[in-house]
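Structure record follows, encoded as structure tokens.
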Amino acid sequence: MALNVSTLKAEPNLYTPEMAALTEVVPQTELETLFKFELQSGNPLGHEPGQFVQVSCLGIGEAPISVSSMPCPEPTFDLCVRNVGNVTAALHNMTAGDAVGIRGPFGHGFPIDALKGKDLLFVAGGIGLVPVRSLIQMVLANRDEYAAVTILYGFKTPGEMLFRDEIAQWQEREDVDLRLTVDKPHSDWDGHVGVITTLFPELEIQPDRTKAIVVGPPIMYRFVLQECKLKGIGDDDIILSLERRMRCGVGKCGHCQINNKYVCQDGPVFTYNDIKFMWEAI
Amino acid sequence: MTLRAIDYQAVLALIQSLMQEAKVVAPHQREGERQWSFEEVTEPANVCLEYTSTVLPPKKYAFPTQERFLRYELGESPKAEPIIEAEPLVLFGVHTCDIYALNCLDIAMTDEHVDPNWVARRKQMRIVGVDCLPDEYCFCASMGTATVHEGYDLFLTPVDGGYVVEVATEAGEEMLTNIPTKEATSAQVAQVKAHLNKKMQQEHKLDCDVSTLPLHFSGVADSELWEQHAERCYSCGTCNLVCPTCICYDVLEQLNLALDGGERVRVWDSCMLEEFATVATGENFREERSQRLRHRFFRKYSYLFTRYGQPYCCGCGRCVRQCLVHIDPVPILNDVIAESQKGATVRGA
């Protein structure tokens with residue numbers, strides 16, 4: 001054989017989920033819910049912020065979901081899920097004690113070492129905050145390892161705001177500059193109004209020491225990337241996370257391919273420099 | 001490399017002896033049609049070793065059209081376990097293009113992560129190749145797949161009165177135990193060379209050396225050629241389904257009737273189908289047919305070529321042979337080459 005398959009180390013459980021128990025359901029918005037899980041093995045998930053897992057509702061299917069909590073030594077982790085497909089709908093019908101299957105973590109997360117000592121500008125739109133939350137938690141837990149921390153978070157209406165209690169805590173911290181905005185004026189909102197790019201003009205950014213972490217819907221990227229460029233942030237210093245259809249999570253099934261990259265293996269986190277010439281990226 | 005000569009009767013005896021120890025699959029002609037398919041051999045005399053191309057490639061034995069890979073039980077404490085089904089198998093009468101394709105997929109299926117089901121099947125697979133002559137759709141000479149140097153145990157080339165057989169592996173040597181063979185004569189070896197020369201005479205060919213294909217793809221993403229060629233395409237996915245190097249799959253859940261357990265199954269998928277790159281929120285990252293056609297070509301001749309160092313097309317011509325509207329990769333590739341050379345001239349001016 002061209003490649004001697006008999007010498008390869010097989011991965012018999014590559015497609016076999018390990019079981020995890022749903023321990024807590026924390027409602028977030030009309031569409032999104034935070035689910036807390038504990039792996040039955042008792043081992044930690046072992047993820048990096050920005051990685052994802054394949055979640056199985058056995059009998060329904062499997063879907064890729066970003067891990068939303070920071071790495072920890074316990075076998076627990078959070079997934080914040082929008083109810084949009086058959087697997088996510090099944091998750092929304094579960095209660096504490098129910099079991100799901102987990103494969104992963106997969107892919108490359110945020111480049112933690114490259115972020116250390118830098119000013120961090122988080123730009124999250126809608127459920128883009130879900131993967132970013134794991135990184136924000138980790139940064140805030142090790143706050144002295146980073147310079148200035150600015151968080152921009154935009155959502156369409158006040159009702160779509162995620163992680164309210166946690167955001168209230170971020171807001172109280174003096175070492176975090178948190179700015180929220182809703183797209184359009186709303187009777188329940190007295191904060192900033194306008195799409196997320198309207199927060200940029202007031203920002204004071206030192207481009208040579210800033211890393212921007214930008215995650216949101218495809219439409220958001222083009223406009224936010226322009227703002228980042230206007231602020232002089234380098235292409236290597238803009239970090240994004242991309243979403244694609246996925247089946248296997250391990251670079252075989254072909255669904256998540258963007259040009260010559262597999263989002264499940266080479267991503268989901270990329271620098272703008274990695275993807276700016278990939279016409280299918282955004 | 002050992003070359004032996006084997007006559008027709010001995011080939012039948014070889015198939016018969018292989019059938020004693022393993023399932024043997026080989027090309028059979030479909031009744032009343034000029035179509036062939038790989039089927040399990042029940043009678044060696046029914047095997048057809050002179051054929052142009054089967055409808056589906058023998059890939060289906062390493063990567064079945066539907067393959068269950070996970071079994072689970074629901075209830076109080078749900079659990080899941082892998083299903084890895086493999087059996088000793090002999091692929092008999094495989095053309096060089098299809099051997100090349102299996103070698104390609106060995107790389108893709110084991111890169112970074114080793115696909116357990118693929119490897120289990122490949123480990124138990126022995127291959128007897130057979131040489132062929134091209135029809136008007138084949139372009140293996142251009143793709144560099146008219147010959148193949150690994151991925152088989154025995155390889156047969158037709159000569160007067162039988163075949164010259166190349167014994168490539170120990171497993172191949174064992175297959176020939178008790179099978180009457182002779183040393184190949186110099187006249188027979190000359191016939192092997194003549195056969196290859198004849199095979200290489202192909203009108204259906206690329207206008208460049210295959211090794212330069214990825215370079216030609218570097219400047220044609222925005223070309224109108226994709227829309228022009230996609231105009232005729234029904235986006236039906238047949239090209240993917242008959243392709244020996246296509247490996248994309250979808251995953252289905254098969255819950256049993258009692259609703260207390262089930263299996264997870266992977267099935268062949270097609271990047272030409274509209275929903276292939278659609279996510280749950282409805283966003284489709286390749287909405288236009290021309291984008292999907294472009295993706296298919298870039299994947300075969302640029303992305304995977306660059307990633308793994310060889311083209312993910314074996315030049316077998318199945319895609320055009322089965323295409324309802326005759327979309328042929330060769331003229332499309334030649335348009336890519338022409339476009340890229342035109343661009344180079346303009347840039348150089």
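Residues are named by chain letter and number: chains run A, B, ... in the order of the structure tokens, numbers start at 1 in each chain, and ligands are numbered from 1 in the order shown.
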Using only C-alpha atoms and a cut-off of 9 Å, which residues of chain A sit close to chain B? Please list them as a VMD selection string.
chain A and resid 1 to 6 8 to 19 58 to 62 84 to 86 98 to 101 218 243 to 248 250 to 261 265 279 to 282
Just write the chosen residues, C-alpha atoms, as a tab-separated table (two decimals), in the first residue's frame.
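Contents of the output file selection_9.tsv:
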chain	number	residue	atom	x	y	z
A	1	MET	CA	0.00	0.00	0.00
A	2	ALA	CA	1.15	3.51	-0.70
A	3	LEU	CA	0.69	4.20	2.95
A	4	ASN	CA	1.21	1.20	5.12
A	5	VAL	CA	-2.14	1.17	6.88
A	6	SER	CA	-1.17	-1.80	9.04
A	8	LEU	CA	-0.94	3.08	11.79
A	9	LYS	CA	-2.17	3.60	15.30
A	10	ALA	CA	-5.88	3.04	15.05
A	11	GLU	CA	-8.31	5.28	16.89
A	12	PRO	CA	-11.16	2.84	17.53
A	13	ASN	CA	-13.19	5.42	19.44
A	14	LEU	CA	-12.73	8.30	17.02
A	15	TYR	CA	-16.48	8.46	16.37
A	16	THR	CA	-17.69	7.15	19.74
A	17	PRO	CA	-18.99	9.75	22.16
A	18	GLU	CA	-18.33	9.50	25.87
A	19	MET	CA	-21.34	10.12	28.05
A	58	LEU	CA	-28.48	9.66	20.83
A	59	GLY	CA	-31.38	8.79	18.57
A	60	ILE	CA	-31.54	12.35	17.19
A	61	GLY	CA	-28.07	13.22	15.95
A	62	GLU	CA	-24.86	15.09	16.58
A	84	VAL	CA	-32.32	26.03	15.72
A	85	GLY	CA	-31.88	22.42	14.60
A	86	ASN	CA	-33.01	18.95	15.56
A	98	ASP	CA	-30.33	13.41	31.24
A	99	ALA	CA	-27.31	12.17	29.32
A	100	VAL	CA	-25.66	13.36	26.14
A	101	GLY	CA	-22.67	12.04	24.22
A	218	PRO	CA	-20.92	36.50	8.88
A	243	GLU	CA	-18.88	28.47	11.79
A	244	ARG	CA	-19.53	25.69	9.27
A	245	ARG	CA	-21.64	22.59	8.83
A	246	MET	CA	-19.74	19.66	10.31
A	247	ARG	CA	-20.25	15.96	10.64
A	248	CYS	CA	-17.06	14.22	11.72
A	250	VAL	CA	-11.80	15.25	12.44
A	251	GLY	CA	-11.17	16.36	8.85
A	252	LYS	CA	-12.83	13.51	6.97
A	253	CYS	CA	-16.44	14.27	6.05
A	254	GLY	CA	-15.63	17.36	3.98
A	255	HIS	CA	-18.51	19.57	5.07
A	256	CYS	CA	-16.58	22.28	6.89
A	257	GLN	CA	-14.05	22.91	4.14
A	258	ILE	CA	-13.28	26.56	3.35
A	259	ASN	CA	-10.91	26.65	0.43
A	260	ASN	CA	-7.96	24.52	1.49
A	261	LYS	CA	-8.75	24.60	5.22
A	265	GLN	CA	-9.03	20.86	12.19
A	279	TRP	CA	-12.93	33.78	-0.91
A	280	GLU	CA	-15.24	31.33	0.81
A	281	ALA	CA	-14.33	32.33	4.35
A	282	ILE	CA	-16.90	35.01	5.13
May I have all residues of region 153-224 of chain B that DSSP, computed from the backbone, assigns to alpha helix (DSSP H), given as a ChimeraX atom specification?
/B:170-175,186-200,213-217
Give me a file of those residues, with C-alpha atoms, as a compact mmCIF listing (two decimals), in the first residue's frame.
# COMPACT_ATOMS: atom_id res chain seq x y z
CA GLU B 170 4.54 -11.42 -0.17
CA ALA B 171 0.77 -11.70 -0.01
CA GLY B 172 0.80 -11.77 -3.80
CA GLU B 173 3.43 -14.48 -3.78
CA GLU B 174 1.25 -16.55 -1.45
CA MET B 175 -1.76 -16.14 -3.70
CA SER B 186 11.12 -11.59 -23.18
CA ALA B 187 8.48 -11.57 -25.92
CA GLN B 188 5.76 -11.35 -23.27
CA VAL B 189 7.59 -8.59 -21.40
CA ALA B 190 7.78 -6.72 -24.71
CA GLN B 191 4.02 -7.15 -25.06
CA VAL B 192 3.53 -5.59 -21.60
CA LYS B 193 5.48 -2.55 -22.74
CA ALA B 194 3.54 -2.40 -25.99
CA HIS B 195 0.29 -2.57 -24.04
CA LEU B 196 1.31 0.36 -21.91
CA ASN B 197 2.35 2.35 -24.97
CA LYS B 198 -1.06 1.73 -26.48
CA LYS B 199 -2.76 2.71 -23.22
CA MET B 200 -0.86 6.00 -23.14
CA LEU B 213 -2.26 22.02 -12.08
CA PRO B 214 -2.43 23.68 -8.64
CA LEU B 215 -0.44 26.63 -10.03
CA HIS B 216 -2.99 27.10 -12.79
CA PHE B 217 -5.76 27.13 -10.20
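Considering only C-alpha atoms, the residue among B:Gln201, B:Ser142, B:Gln29, B:Ser235 positioned nearest to Asn46 (chain B) is B:Gln29.
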Taking the DSSP assignment computed from this structure's backbone, write out as a ChimeraX atom specification all residues of region 43-249 of chain A that belong to strand (DSSP E).
/A:52-57,61-66,76-82,99-106,119-125,149-155,177-182,192-193,210-215,238-241
What separates CA of Gln202 (chain B) and CA of Cys319 (chain B) is a distance of 17.5 Å
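Put simply, CA of Val67 (chain A) is 10.5 Å away from CA of Val55 (chain A).
Shortest separation to Ser56 (chain A) among A:Val269, A:Val195, A:Ile239, A:Ala21 occurs at residue A:Ala21, atoms counted being only C-alpha atoms.
The two atoms in question, CA of Asp131 (chain B) and CA of Gln20 (chain B), are spaced 24.9 Å apart.
Of the listed residues B:Tyr308, B:Ser53, B:Leu12, B:Val242, the one whose atoms come nearest to Thr65 (chain B) is B:Val242, with distances taken using only C-alpha atoms.
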